[in-house]
$ cat target-v2.cif   # mmCIF, C-alpha atoms
data_target
loop_
_atom_site.label_atom_id
_atom_site.label_comp_id
_atom_site.auth_asym_id
_atom_site.auth_seq_id
_atom_site.Cartn_x
_atom_site.Cartn_y
_atom_site.Cartn_z
CA MET A 1 -14.64 73.74 -29.49
CA ALA A 2 -15.02 74.72 -33.16
CA GLU A 3 -11.30 75.49 -32.99
CA ALA A 4 -10.56 71.99 -31.67
CA MET A 5 -12.71 70.38 -34.32
CA ARG A 6 -11.00 72.28 -37.04
CA ALA A 7 -7.63 71.27 -35.60
CA THR A 8 -8.68 67.63 -35.66
CA GLU A 9 -10.07 67.96 -39.15
CA HIS A 10 -6.81 69.54 -40.25
CA GLN A 11 -4.80 66.68 -38.71
CA HIS A 12 -6.76 64.13 -40.71
CA SER A 13 -6.68 65.83 -44.09
CA TYR A 14 -2.90 65.57 -44.31
CA ILE A 15 -3.24 63.82 -47.69
CA HIS A 16 -3.13 66.58 -50.28
CA ASN A 17 -6.02 66.61 -52.70
CA ASN A 18 -3.72 66.16 -55.67
CA THR A 19 -2.08 63.08 -54.14
CA LYS A 20 -5.33 61.63 -52.72
CA ALA A 21 -6.60 60.81 -56.21
CA ASP A 22 -3.24 59.22 -56.97
CA TYR A 23 -3.37 57.00 -53.85
CA LEU A 24 -6.92 55.93 -54.66
CA LYS A 25 -5.84 54.99 -58.19
CA ARG A 26 -2.89 52.96 -56.90
CA LEU A 27 -5.05 51.20 -54.30
CA ARG A 28 -7.65 50.34 -56.96
CA ARG A 29 -4.85 48.80 -59.03
CA ILE A 30 -3.73 46.83 -55.94
CA GLU A 31 -7.33 45.65 -55.45
CA GLY A 32 -7.25 44.52 -59.09
CA GLN A 33 -4.02 42.61 -58.41
CA ALA A 34 -5.77 40.82 -55.50
CA ARG A 35 -8.58 39.82 -57.88
CA GLY A 36 -6.03 38.73 -60.50
CA LEU A 37 -4.38 36.47 -57.91
CA GLN A 38 -7.71 34.83 -57.15
CA ARG A 39 -8.22 34.12 -60.84
CA MET A 40 -4.70 32.65 -61.10
CA VAL A 41 -5.35 30.33 -58.12
CA GLU A 42 -8.83 29.48 -59.47
CA GLU A 43 -7.32 28.52 -62.86
CA GLU A 44 -4.48 26.68 -61.11
CA GLN A 45 -1.84 28.67 -62.92
CA TYR A 46 1.83 27.93 -62.31
CA CYS A 47 2.85 28.64 -58.72
CA ILE A 48 6.00 30.59 -59.62
CA ASP A 49 3.90 32.96 -61.78
CA ILE A 50 1.50 33.51 -58.89
CA LEU A 51 4.44 34.26 -56.57
CA THR A 52 5.80 36.80 -59.08
CA GLN A 53 2.45 38.59 -58.94
CA VAL A 54 2.45 38.50 -55.12
CA SER A 55 5.91 40.12 -55.10
CA ALA A 56 4.74 42.84 -57.51
CA MET A 57 1.68 43.50 -55.36
CA THR A 58 3.78 43.65 -52.17
CA LYS A 59 6.11 46.17 -53.80
CA ALA A 60 3.13 48.31 -54.91
CA LEU A 61 1.73 48.25 -51.35
CA GLN A 62 5.11 49.17 -49.86
CA SER A 63 5.41 52.05 -52.26
CA VAL A 64 1.99 53.39 -51.16
CA ALA A 65 3.06 53.02 -47.51
CA LEU A 66 6.33 54.90 -48.08
CA GLY A 67 4.46 57.71 -49.87
CA LEU A 68 1.88 58.03 -47.08
CA LEU A 69 4.63 58.00 -44.45
CA ASP A 70 6.52 60.75 -46.26
CA GLU A 71 3.40 62.91 -46.44
CA HIS A 72 2.65 62.20 -42.78
CA MET A 73 6.12 63.31 -41.71
CA THR A 74 6.15 66.35 -44.02
CA HIS A 75 2.84 67.62 -42.67
CA CYS A 76 1.82 66.06 -39.39
CA VAL A 77 5.21 65.54 -37.73
CA VAL A 78 6.68 68.86 -38.89
CA ASP A 79 3.53 70.74 -37.77
CA ALA A 80 3.66 69.11 -34.34
CA ALA A 81 7.35 69.98 -34.00
CA ARG A 82 6.62 73.60 -34.94
CA HIS A 83 3.80 73.92 -32.42
CA GLY A 84 6.17 72.61 -29.75
CA GLY A 85 5.11 70.80 -26.59
CA PRO A 86 4.86 67.06 -25.99
CA GLU A 87 2.78 66.53 -29.18
CA ALA A 88 5.92 66.30 -31.37
CA GLU A 89 7.32 63.50 -29.21
CA VAL A 90 4.03 61.59 -29.44
CA LYS A 91 3.99 61.98 -33.23
CA ILE A 92 7.60 60.81 -33.61
CA LYS A 93 6.95 57.78 -31.39
CA GLU A 94 3.87 56.93 -33.46
CA ALA A 95 5.78 57.32 -36.74
CA SER A 96 8.71 55.22 -35.44
CA GLU A 97 6.34 52.43 -34.49
CA ALA A 98 4.68 52.55 -37.91
CA ILE A 99 8.12 52.42 -39.58
CA ALA A 100 9.10 49.42 -37.45
CA ARG A 101 5.91 47.61 -38.53
CA LEU A 102 6.72 48.34 -42.19
CA VAL A 103 10.35 47.25 -41.90
CA ARG A 104 9.33 44.03 -40.14
CA SER A 105 6.40 43.20 -42.45
CA MET B 1 1.16 14.43 -76.99
CA ALA B 2 -1.66 13.40 -74.65
CA GLU B 3 1.13 12.30 -72.31
CA ALA B 4 2.76 15.72 -72.48
CA MET B 5 -0.52 17.50 -71.90
CA ARG B 6 -1.26 15.42 -68.86
CA ALA B 7 2.22 16.13 -67.53
CA THR B 8 1.64 19.86 -67.93
CA GLU B 9 -1.78 19.63 -66.35
CA HIS B 10 -0.27 17.78 -63.40
CA GLN B 11 2.42 20.42 -63.01
CA HIS B 12 -0.20 23.13 -62.75
CA SER B 13 -2.60 21.51 -60.32
CA TYR B 14 -0.03 21.45 -57.53
CA ILE B 15 -2.43 23.39 -55.26
CA HIS B 16 -4.40 20.74 -53.39
CA ASN B 17 -8.15 21.08 -53.64
CA ASN B 18 -8.50 21.42 -49.89
CA THR B 19 -5.99 24.27 -49.75
CA LYS B 20 -7.20 25.97 -52.96
CA ALA B 21 -10.45 27.06 -51.27
CA ASP B 22 -8.39 28.34 -48.35
CA TYR B 23 -6.12 30.44 -50.61
CA LEU B 24 -9.14 31.89 -52.42
CA LYS B 25 -10.69 32.84 -49.08
CA ARG B 26 -7.49 34.53 -47.91
CA LEU B 27 -7.10 36.40 -51.22
CA ARG B 28 -10.72 37.60 -51.05
CA ARG B 29 -9.97 38.94 -47.57
CA ILE B 30 -6.86 40.69 -48.96
CA GLU B 31 -9.00 42.18 -51.74
CA GLY B 32 -11.35 43.43 -49.01
CA GLN B 33 -8.38 45.00 -47.21
CA ALA B 34 -7.46 46.84 -50.44
CA ARG B 35 -11.02 48.20 -50.61
CA GLY B 36 -10.89 49.14 -46.92
CA LEU B 37 -7.71 51.12 -47.57
CA GLN B 38 -9.43 53.04 -50.38
CA ARG B 39 -12.27 53.94 -48.00
CA MET B 40 -9.76 55.08 -45.35
CA VAL B 41 -7.97 57.33 -47.87
CA GLU B 42 -11.32 58.56 -49.24
CA GLU B 43 -12.49 59.49 -45.71
CA GLU B 44 -9.05 60.99 -44.96
CA GLN B 45 -8.58 58.82 -41.92
CA TYR B 46 -5.46 59.18 -39.81
CA CYS B 47 -2.31 58.23 -41.74
CA ILE B 48 -0.85 56.03 -38.99
CA ASP B 49 -4.07 53.97 -38.93
CA ILE B 50 -3.86 53.54 -42.72
CA LEU B 51 -0.22 52.43 -42.40
CA THR B 52 -1.20 49.88 -39.74
CA GLN B 53 -3.70 48.40 -42.22
CA VAL B 54 -1.06 48.35 -44.99
CA SER B 55 1.30 46.40 -42.70
CA ALA B 56 -1.47 43.91 -41.84
CA MET B 57 -2.25 43.45 -45.54
CA THR B 58 1.44 42.99 -46.42
CA LYS B 59 1.75 40.32 -43.73
CA ALA B 60 -1.35 38.53 -45.05
CA LEU B 61 0.10 38.57 -48.59
CA GLN B 62 3.47 37.28 -47.38
CA SER B 63 1.75 34.49 -45.54
CA VAL B 64 -0.08 33.44 -48.74
CA ALA B 65 3.23 33.55 -50.64
CA LEU B 66 5.02 31.39 -48.05
CA GLY B 67 2.19 28.85 -48.16
CA LEU B 68 2.22 28.67 -51.97
CA LEU B 69 5.99 28.33 -51.98
CA ASP B 70 5.86 25.48 -49.47
CA GLU B 71 3.27 23.62 -51.58
CA HIS B 72 5.32 24.27 -54.71
CA MET B 73 8.45 22.80 -53.14
CA THR B 74 6.59 19.86 -51.57
CA HIS B 75 5.01 18.85 -54.86
CA CYS B 76 6.67 20.37 -57.90
CA VAL B 77 10.31 20.50 -56.75
CA VAL B 78 10.25 17.10 -55.02
CA ASP B 79 8.57 15.50 -58.06
CA ALA B 80 11.18 16.96 -60.40
CA ALA B 81 13.99 15.73 -58.14
CA ARG B 82 12.47 12.24 -58.10
CA HIS B 83 12.13 12.10 -61.86
CA GLY B 84 15.79 13.08 -62.13
CA GLY B 85 17.37 14.85 -65.07
CA PRO B 86 17.97 18.57 -65.53
CA GLU B 87 14.35 19.42 -64.62
CA ALA B 88 15.13 19.45 -60.88
CA GLU B 89 17.87 22.02 -61.40
CA VAL B 90 15.54 24.23 -63.41
CA LYS B 91 12.87 24.00 -60.71
CA ILE B 92 15.32 24.83 -57.91
CA LYS B 93 16.65 27.83 -59.85
CA GLU B 94 13.10 29.06 -60.44
CA ALA B 95 12.19 28.60 -56.76
CA SER B 96 15.39 30.35 -55.61
CA GLU B 97 14.60 33.34 -57.82
CA ALA B 98 11.04 33.50 -56.47
CA ILE B 99 12.38 33.36 -52.89
CA ALA B 100 14.85 36.18 -53.65
CA ARG B 101 11.98 38.32 -54.98
CA LEU B 102 9.97 37.65 -51.81
CA VAL B 103 12.89 38.39 -49.48
CA ARG B 104 13.68 41.62 -51.33
CA SER B 105 10.06 42.82 -51.61
CA MET C 1 27.91 2.79 -38.51
CA ALA C 2 30.87 4.19 -40.43
CA GLU C 3 28.47 4.40 -43.34
CA ALA C 4 25.98 6.43 -41.29
CA MET C 5 28.68 8.76 -40.04
CA ARG C 6 29.92 9.39 -43.53
CA ALA C 7 26.34 10.08 -44.63
CA THR C 8 25.98 12.69 -41.89
CA GLU C 9 29.32 14.20 -42.76
CA HIS C 10 28.23 14.36 -46.39
CA GLN C 11 25.00 16.12 -45.40
CA HIS C 12 26.99 18.83 -43.70
CA SER C 13 29.54 19.47 -46.39
CA TYR C 14 26.89 20.60 -48.87
CA ILE C 15 28.78 23.88 -49.37
CA HIS C 16 31.01 23.27 -52.37
CA ASN C 17 34.67 23.95 -51.80
CA ASN C 18 34.77 26.55 -54.53
CA THR C 19 31.86 28.48 -53.01
CA LYS C 20 32.99 28.03 -49.40
CA ALA C 21 35.94 30.39 -49.90
CA ASP C 22 33.58 32.87 -51.51
CA TYR C 23 31.15 32.78 -48.55
CA LEU C 24 34.03 33.24 -46.09
CA LYS C 25 35.25 36.25 -48.06
CA ARG C 26 31.77 37.81 -48.10
CA LEU C 27 31.27 37.17 -44.37
CA ARG C 28 34.66 38.74 -43.59
CA ARG C 29 33.57 41.81 -45.55
CA ILE C 30 30.30 41.87 -43.54
CA GLU C 31 32.35 41.63 -40.32
CA GLY C 32 34.34 44.63 -41.60
CA GLN C 33 31.08 46.52 -42.20
CA ALA C 34 30.07 45.83 -38.57
CA ARG C 35 33.40 47.29 -37.42
CA GLY C 36 32.95 50.27 -39.76
CA LEU C 37 29.53 50.95 -38.20
CA GLN C 38 31.10 50.98 -34.72
CA ARG C 39 33.65 53.55 -35.89
CA MET C 40 30.88 55.68 -37.42
CA VAL C 41 28.90 55.63 -34.16
CA GLU C 42 32.10 56.24 -32.13
CA GLU C 43 32.92 59.29 -34.29
CA GLU C 44 29.27 60.42 -34.14
CA GLN C 45 28.98 60.52 -37.90
CA TYR C 46 25.73 61.63 -39.49
CA CYS C 47 22.86 59.26 -38.70
CA ILE C 48 21.59 59.01 -42.29
CA ASP C 49 25.07 57.91 -43.44
CA ILE C 50 25.13 55.23 -40.72
CA LEU C 51 21.67 54.03 -41.84
CA THR C 52 22.88 53.82 -45.45
CA GLN C 53 25.70 51.52 -44.28
CA VAL C 54 23.24 49.41 -42.25
CA SER C 55 21.08 48.94 -45.37
CA ALA C 56 24.12 47.93 -47.44
CA MET C 57 25.16 45.43 -44.76
CA THR C 58 21.64 43.99 -44.54
CA LYS C 59 21.57 43.51 -48.31
CA ALA C 60 24.97 41.77 -48.22
CA LEU C 61 23.71 39.43 -45.47
CA GLN C 62 20.51 38.67 -47.38
CA SER C 63 22.52 37.88 -50.46
CA VAL C 64 24.65 35.36 -48.49
CA ALA C 65 21.46 33.82 -47.08
CA LEU C 66 19.87 33.46 -50.53
CA GLY C 67 23.05 31.84 -51.86
CA LEU C 68 23.25 29.36 -48.98
CA LEU C 69 19.56 28.53 -49.36
CA ASP C 70 19.98 27.88 -53.08
CA GLU C 71 22.92 25.52 -52.43
CA HIS C 72 20.96 23.82 -49.67
CA MET C 73 18.00 23.17 -51.96
CA THR C 74 20.17 22.12 -54.91
CA HIS C 75 22.05 19.54 -52.84
CA CYS C 76 20.34 18.62 -49.61
CA VAL C 77 16.67 18.91 -50.60
CA VAL C 78 17.13 17.33 -54.04
CA ASP C 79 19.18 14.47 -52.52
CA ALA C 80 16.50 13.79 -49.92
CA ALA C 81 13.80 13.81 -52.60
CA ARG C 82 15.81 11.33 -54.70
CA HIS C 83 16.35 8.97 -51.77
CA GLY C 84 12.60 9.05 -51.16
CA GLY C 85 10.93 8.41 -47.84
CA PRO C 86 9.82 10.92 -45.22
CA GLU C 87 13.24 12.66 -45.24
CA ALA C 88 12.27 14.87 -48.22
CA GLU C 89 9.20 16.14 -46.39
CA VAL C 90 11.31 16.96 -43.32
CA LYS C 91 13.85 18.82 -45.47
CA ILE C 92 11.15 20.84 -47.29
CA LYS C 93 9.50 21.78 -43.99
CA GLU C 94 12.86 22.90 -42.60
CA ALA C 95 13.63 24.93 -45.74
CA SER C 96 10.16 26.52 -45.73
CA GLU C 97 10.62 27.61 -42.12
CA ALA C 98 14.05 29.07 -42.91
CA ILE C 99 12.55 30.96 -45.88
CA ALA C 100 9.76 32.33 -43.67
CA ARG C 101 12.34 33.59 -41.17
CA LEU C 102 14.26 35.30 -43.99
CA VAL C 103 11.15 36.89 -45.53
CA ARG C 104 10.00 38.16 -42.12
CA SER C 105 13.40 39.43 -40.98
CA MET D 1 32.18 80.59 -38.24
CA ALA D 2 32.47 79.22 -34.71
CA GLU D 3 28.68 79.35 -34.71
CA ALA D 4 28.53 77.29 -37.91
CA MET D 5 31.00 74.76 -36.59
CA ARG D 6 29.04 74.36 -33.40
CA ALA D 7 25.85 73.90 -35.44
CA THR D 8 27.52 71.18 -37.48
CA GLU D 9 28.92 69.55 -34.38
CA HIS D 10 25.47 69.64 -32.80
CA GLN D 11 23.93 68.03 -35.89
CA HIS D 12 26.34 65.12 -35.69
CA SER D 13 26.16 64.39 -31.98
CA TYR D 14 22.46 63.49 -32.14
CA ILE D 15 23.25 60.11 -30.56
CA HIS D 16 22.86 60.62 -26.82
CA ASN D 17 25.84 59.60 -24.74
CA ASN D 18 23.80 57.10 -22.78
CA THR D 19 22.56 55.41 -25.96
CA LYS D 20 25.90 55.62 -27.80
CA ALA D 21 27.47 53.02 -25.49
CA ASP D 22 24.42 50.83 -26.03
CA TYR D 23 24.71 51.04 -29.84
CA LEU D 24 28.43 50.22 -29.69
CA LYS D 25 27.68 47.19 -27.53
CA ARG D 26 24.99 45.97 -29.94
CA LEU D 27 27.25 46.50 -32.96
CA ARG D 28 30.09 44.58 -31.27
CA ARG D 29 27.65 41.71 -30.71
CA ILE D 30 26.67 41.90 -34.42
CA GLU D 31 30.38 41.82 -35.35
CA GLY D 32 30.65 38.69 -33.17
CA GLN D 33 27.72 37.15 -35.04
CA ALA D 34 29.53 37.79 -38.34
CA ARG D 35 32.58 35.97 -36.95
CA GLY D 36 30.36 33.15 -35.68
CA LEU D 37 28.92 32.74 -39.17
CA GLN D 38 32.43 32.42 -40.62
CA ARG D 39 33.21 29.68 -38.11
CA MET D 40 29.97 27.87 -38.99
CA VAL D 41 30.79 27.99 -42.73
CA GLU D 42 34.42 27.00 -42.01
CA GLU D 43 33.25 23.97 -39.99
CA GLU D 44 30.62 23.19 -42.66
CA GLN D 45 27.81 23.25 -40.14
CA TYR D 46 24.26 22.51 -41.25
CA CYS D 47 22.95 25.12 -43.71
CA ILE D 48 19.61 25.62 -41.95
CA ASP D 49 21.45 26.43 -38.69
CA ILE D 50 23.60 28.99 -40.53
CA LEU D 51 20.46 30.55 -42.03
CA THR D 52 18.88 30.79 -38.57
CA GLN D 53 21.92 32.77 -37.41
CA VAL D 54 21.74 35.02 -40.48
CA SER D 55 18.08 35.79 -39.67
CA ALA D 56 18.96 36.60 -36.04
CA MET D 57 21.79 38.88 -37.19
CA THR D 58 19.52 40.65 -39.72
CA LYS D 59 16.93 41.25 -36.99
CA ALA D 60 19.62 42.68 -34.66
CA LEU D 61 20.82 45.02 -37.44
CA GLN D 62 17.26 46.16 -38.22
CA SER D 63 16.69 46.88 -34.57
CA VAL D 64 19.81 49.08 -34.44
CA ALA D 65 18.61 50.88 -37.60
CA LEU D 66 15.14 51.53 -36.17
CA GLY D 67 16.67 52.88 -32.95
CA LEU D 68 19.02 55.22 -34.83
CA LEU D 69 16.18 56.40 -37.05
CA ASP D 70 13.99 57.15 -34.03
CA GLU D 71 16.79 59.18 -32.41
CA HIS D 72 17.43 60.97 -35.69
CA MET D 73 13.78 61.98 -36.04
CA THR D 74 13.43 62.92 -32.36
CA HIS D 75 16.44 65.22 -32.47
CA CYS D 76 17.51 66.17 -35.96
CA VAL D 77 14.16 66.29 -37.77
CA VAL D 78 12.28 67.93 -34.89
CA ASP D 79 15.05 70.54 -34.47
CA ALA D 80 14.99 71.36 -38.18
CA ALA D 81 11.20 71.68 -38.10
CA ARG D 82 11.44 74.06 -35.11
CA HIS D 83 14.06 76.25 -36.76
CA GLY D 84 11.78 76.51 -39.79
CA GLY D 85 12.91 77.19 -43.34
CA PRO D 86 13.69 74.68 -46.08
CA GLU D 87 15.97 72.65 -43.77
CA ALA D 88 13.01 70.65 -42.36
CA GLU D 89 11.94 69.60 -45.84
CA VAL D 90 15.48 68.46 -46.66
CA LYS D 91 15.65 66.45 -43.43
CA ILE D 92 12.28 64.78 -44.04
CA LYS D 93 13.26 63.88 -47.60
CA GLU D 94 16.53 62.40 -46.34
CA ALA D 95 14.74 60.42 -43.60
CA SER D 96 12.09 59.16 -46.06
CA GLU D 97 14.79 57.90 -48.40
CA ALA D 98 16.58 56.15 -45.53
CA ILE D 99 13.29 54.53 -44.47
CA ALA D 100 12.65 53.36 -48.04
CA ARG D 101 16.12 51.75 -48.14
CA LEU D 102 15.41 49.97 -44.83
CA VAL D 103 11.96 48.76 -45.92
CA ARG D 104 13.34 47.48 -49.23
CA SER D 105 16.46 45.85 -47.76
#

$ encode --input "target-v2.cif" --output "structure tokens"
Amino acid sequence: MAEAMRATEHQHSYIHNNTKADYLKRLRRIEGQARGLQRMVEEEQYCIDILTQVSAMTKALQSVALGLLDEHMTHCVVDAARHGGPEAEVKIKEASEAIARLVRS
Amino acid sequence: MAEAMRATEHQHSYIHNNTKADYLKRLRRIEGQARGLQRMVEEEQYCIDILTQVSAMTKALQSVALGLLDEHMTHCVVDAARHGGPEAEVKIKEASEAIARLVRS
Amino acid sequence: MAEAMRATEHQHSYIHNNTKADYLKRLRRIEGQARGLQRMVEEEQYCIDILTQVSAMTKALQSVALGLLDEHMTHCVVDAARHGGPEAEVKIKEASEAIARLVRS
Amino acid sequence: MAEAMRATEHQHSYIHNNTKADYLKRLRRIEGQARGLQRMVEEEQYCIDILTQVSAMTKALQSVALGLLDEHMTHCVVDAARHGGPEAEVKIKEASEAIARLVRS
């Protein structure tokens, strides 16, 4: 039981402590970009300038997603593959579906 | 001078008042998604779940961008084309570049 | 009647003759990339190398799409806006939908 | 030596025989779409219709890429992870870079 809980806990803490702070910082900046966009719309700034900011924000989000995905594969997928059994297949399927959502969004 | 200022003012207020409130609401929701992502990273939630939220947020942002672009073309580009002169060409070039940034982001 | 037919014909020939040859050349190269991918799969080349070629081909296709869209807006949309009437609105709606398909694909 | 060659051969033939025929069929269809686009440009068909075909072709290409990537991770990445050593890390890095190219293209 304690074993299982630790296993679960381990699965979740795949984000390394040194990168966690970095992701939080990038997501706070993205939150700031969302607020900046509201101000631009509020002040009726020029549409093309707003769109430029939306593109920058989308790129920042994508970059966070690609980083998280890389960490997920490096830790979670590789661990599952090493432990063997059907878990690896489940993890790959999950990752593939997440990649498809990213590519199509 | 007053003429020019009014022209500029008109150019900027291309977002209709009834859609402006809608954009602000959608951008506030996107800001909320950015905060939700920070909480998920903070709590070390499962990476795939975080990526699902990132995809949802990216789609929401894209949808705002496509709406703004449509309004921009309906008002700003069409107006410029009607007034004639080189302005229309400038507007189309600007819009094309914004579209390219969206497609590539 | 002859007038109307010529108008329709004009609408279709929005691709300038000097750019038409360029588009055909780029599309032939894209067709060649599709054949190259078949050879790579046939020869069971390394997956990552095949994916690199798919990304290059996708970028080439996107670039053709953005060029066609720019020409379409410069000629067709601007013409419709100048002629006035509901046609401009129809053209903008059509272009916006095409842009949305490009951004989401 | 023979060992090494077999290992290399194994690495390359990650595409299962039953899916290889399917990929070739899909890529032939994509090649046909590229030829169809040339005909549309040649005949100066309506730009929006050409763009619709480009979007369909891009989606078909993306779908092939996502399938290849899934197979690559299921076989190549999982195998590397099971064998242990630095190979897994190299494979993940390679896959992450391929995913980034797909997401950004």

$ resolve_selection --input "target-v2.cif" --expression "the PyMOL selection byres ((chain C) within 10 of (chain B))" --output "PyMOL selection string"
chain C and resi 59+62-63+65-67+69-71+73-75+77-84+88-93+95-97+99-105

$ residues_near_point --input "target-v2.cif" --point "(30.4, 37.2, -47.4)" --cutoff "6 Å" --atoms "all atoms listed in the file" --output "list of chain:residue names"
C:Tyr23, C:Leu24, C:Lys25, C:Arg26, C:Leu27, C:Arg28, C:Arg29

$ resolve_selection --input "target-v2.cif" --expression "the PyMOL selection byres ((chain C and resi 20) around 12)" --output "count of residues only"
28

$ atom_distance --input "target-v2.cif" --atom1 "CA of Leu51 in chain D" --atom2 "CA of Gln53 in chain C"
21.7 Å

$ atom_distance --input "target-v2.cif" --atom1 "CA of Asp49 in chain A" --atom2 "CA of Ala56 in chain C"
29.0 Å

$ atom_distance --input "target-v2.cif" --atom1 "CA of Glu87 in chain C" --atom2 "CA of His72 in chain B"
16.9 Å

$ resolve_selection --input "target-v2.cif" --expression "the PyMOL selection byres ((chain A and resi 57) around 9)" --output "PyMOL selection string"
(chain A and resi 30+33-34+52-56+58-62) or (chain B and resi 58+61)

$ axis_aligned_box --input "target-v2.cif" --around "range 57-62 of chain B" --padding-each-side "6 Å" --output "AutoDock Vina command-line options"
--center_x 0.6 --center_y 40.4 --center_z -46.2 --size_x 17.7 --size_y 18.2 --size_z 16.9

$ decode --input "target-v2.cif" --residues "range 50-65 of chain C" --atoms "N, CA, C and O atoms" --output "JSON list (two decimals), in the first residue's frame"
[["chain", "number", "residue", "atom", "x", "y", "z"],
["C", 50, "ILE", "N", 12.53, 10.16, -41.88],
["C", 50, "ILE", "CA", 11.28, 10.28, -42.63],
["C", 50, "ILE", "C", 10.46, 11.45, -42.07],
["C", 50, "ILE", "O", 9.94, 12.28, -42.82],
["C", 51, "LEU", "N", 10.39, 11.54, -40.73],
["C", 51, "LEU", "CA", 9.63, 12.62, -40.09],
["C", 51, "LEU", "C", 10.19, 14.00, -40.45],
["C", 51, "LEU", "O", 9.45, 14.96, -40.61],
["C", 52, "THR", "N", 11.52, 14.09, -40.55],
["C", 52, "THR", "CA", 12.15, 15.35, -40.94],
["C", 52, "THR", "C", 11.68, 15.76, -42.34],
["C", 52, "THR", "O", 11.37, 16.93, -42.59],
["C", 53, "GLN", "N", 11.59, 14.78, -43.25],
["C", 53, "GLN", "CA", 11.11, 15.07, -44.60],
["C", 53, "GLN", "C", 9.63, 15.47, -44.60],
["C", 53, "GLN", "O", 9.22, 16.34, -45.36],
["C", 54, "VAL", "N", 8.83, 14.81, -43.74],
["C", 54, "VAL", "CA", 7.41, 15.16, -43.65],
["C", 54, "VAL", "C", 7.26, 16.62, -43.19],
["C", 54, "VAL", "O", 6.46, 17.38, -43.74],
["C", 55, "SER", "N", 8.08, 17.03, -42.19],
["C", 55, "SER", "CA", 8.01, 18.41, -41.71],
["C", 55, "SER", "C", 8.40, 19.39, -42.81],
["C", 55, "SER", "O", 7.75, 20.44, -42.98],
["C", 56, "ALA", "N", 9.44, 19.06, -43.58],
["C", 56, "ALA", "CA", 9.87, 19.94, -44.68],
["C", 56, "ALA", "C", 8.75, 20.06, -45.72],
["C", 56, "ALA", "O", 8.47, 21.16, -46.22],
["C", 57, "MET", "N", 8.10, 18.94, -46.02],
["C", 57, "MET", "CA", 7.03, 18.95, -47.02],
["C", 57, "MET", "C", 5.82, 19.76, -46.51],
["C", 57, "MET", "O", 5.22, 20.51, -47.27],
["C", 58, "THR", "N", 5.50, 19.61, -45.23],
["C", 58, "THR", "CA", 4.40, 20.36, -44.65],
["C", 58, "THR", "C", 4.67, 21.87, -44.73],
["C", 58, "THR", "O", 3.79, 22.66, -45.07],
["C", 59, "LYS", "N", 5.91, 22.25, -44.42],
["C", 59, "LYS", "CA", 6.28, 23.67, -44.49],
["C", 59, "LYS", "C", 6.17, 24.19, -45.93],
["C", 59, "LYS", "O", 5.70, 25.31, -46.15],
["C", 60, "ALA", "N", 6.58, 23.38, -46.90],
["C", 60, "ALA", "CA", 6.51, 23.79, -48.30],
["C", 60, "ALA", "C", 5.05, 23.99, -48.72],
["C", 60, "ALA", "O", 4.71, 24.96, -49.41],
["C", 61, "LEU", "N", 4.18, 23.07, -48.26],
["C", 61, "LEU", "CA", 2.74, 23.18, -48.57],
["C", 61, "LEU", "C", 2.13, 24.43, -47.94],
["C", 61, "LEU", "O", 1.36, 25.15, -48.58],
["C", 62, "GLN", "N", 2.48, 24.68, -46.68],
["C", 62, "GLN", "CA", 1.98, 25.86, -45.97],
["C", 62, "GLN", "C", 2.38, 27.13, -46.69],
["C", 62, "GLN", "O", 1.61, 28.09, -46.78],
["C", 63, "SER", "N", 3.62, 27.13, -47.17],
["C", 63, "SER", "CA", 4.14, 28.30, -47.84],
["C", 63, "SER", "C", 3.35, 28.57, -49.14],
["C", 63, "SER", "O", 3.04, 29.72, -49.47],
["C", 64, "VAL", "N", 3.02, 27.50, -49.88],
["C", 64, "VAL", "CA", 2.18, 27.64, -51.08],
["C", 64, "VAL", "C", 0.81, 28.20, -50.68],
["C", 64, "VAL", "O", 0.29, 29.13, -51.31],
["C", 65, "ALA", "N", 0.24, 27.65, -49.61],
["C", 65, "ALA", "CA", -1.08, 28.09, -49.16],
["C", 65, "ALA", "C", -1.07, 29.58, -48.79],
["C", 65, "ALA", "O", -1.97, 30.33, -49.19]]
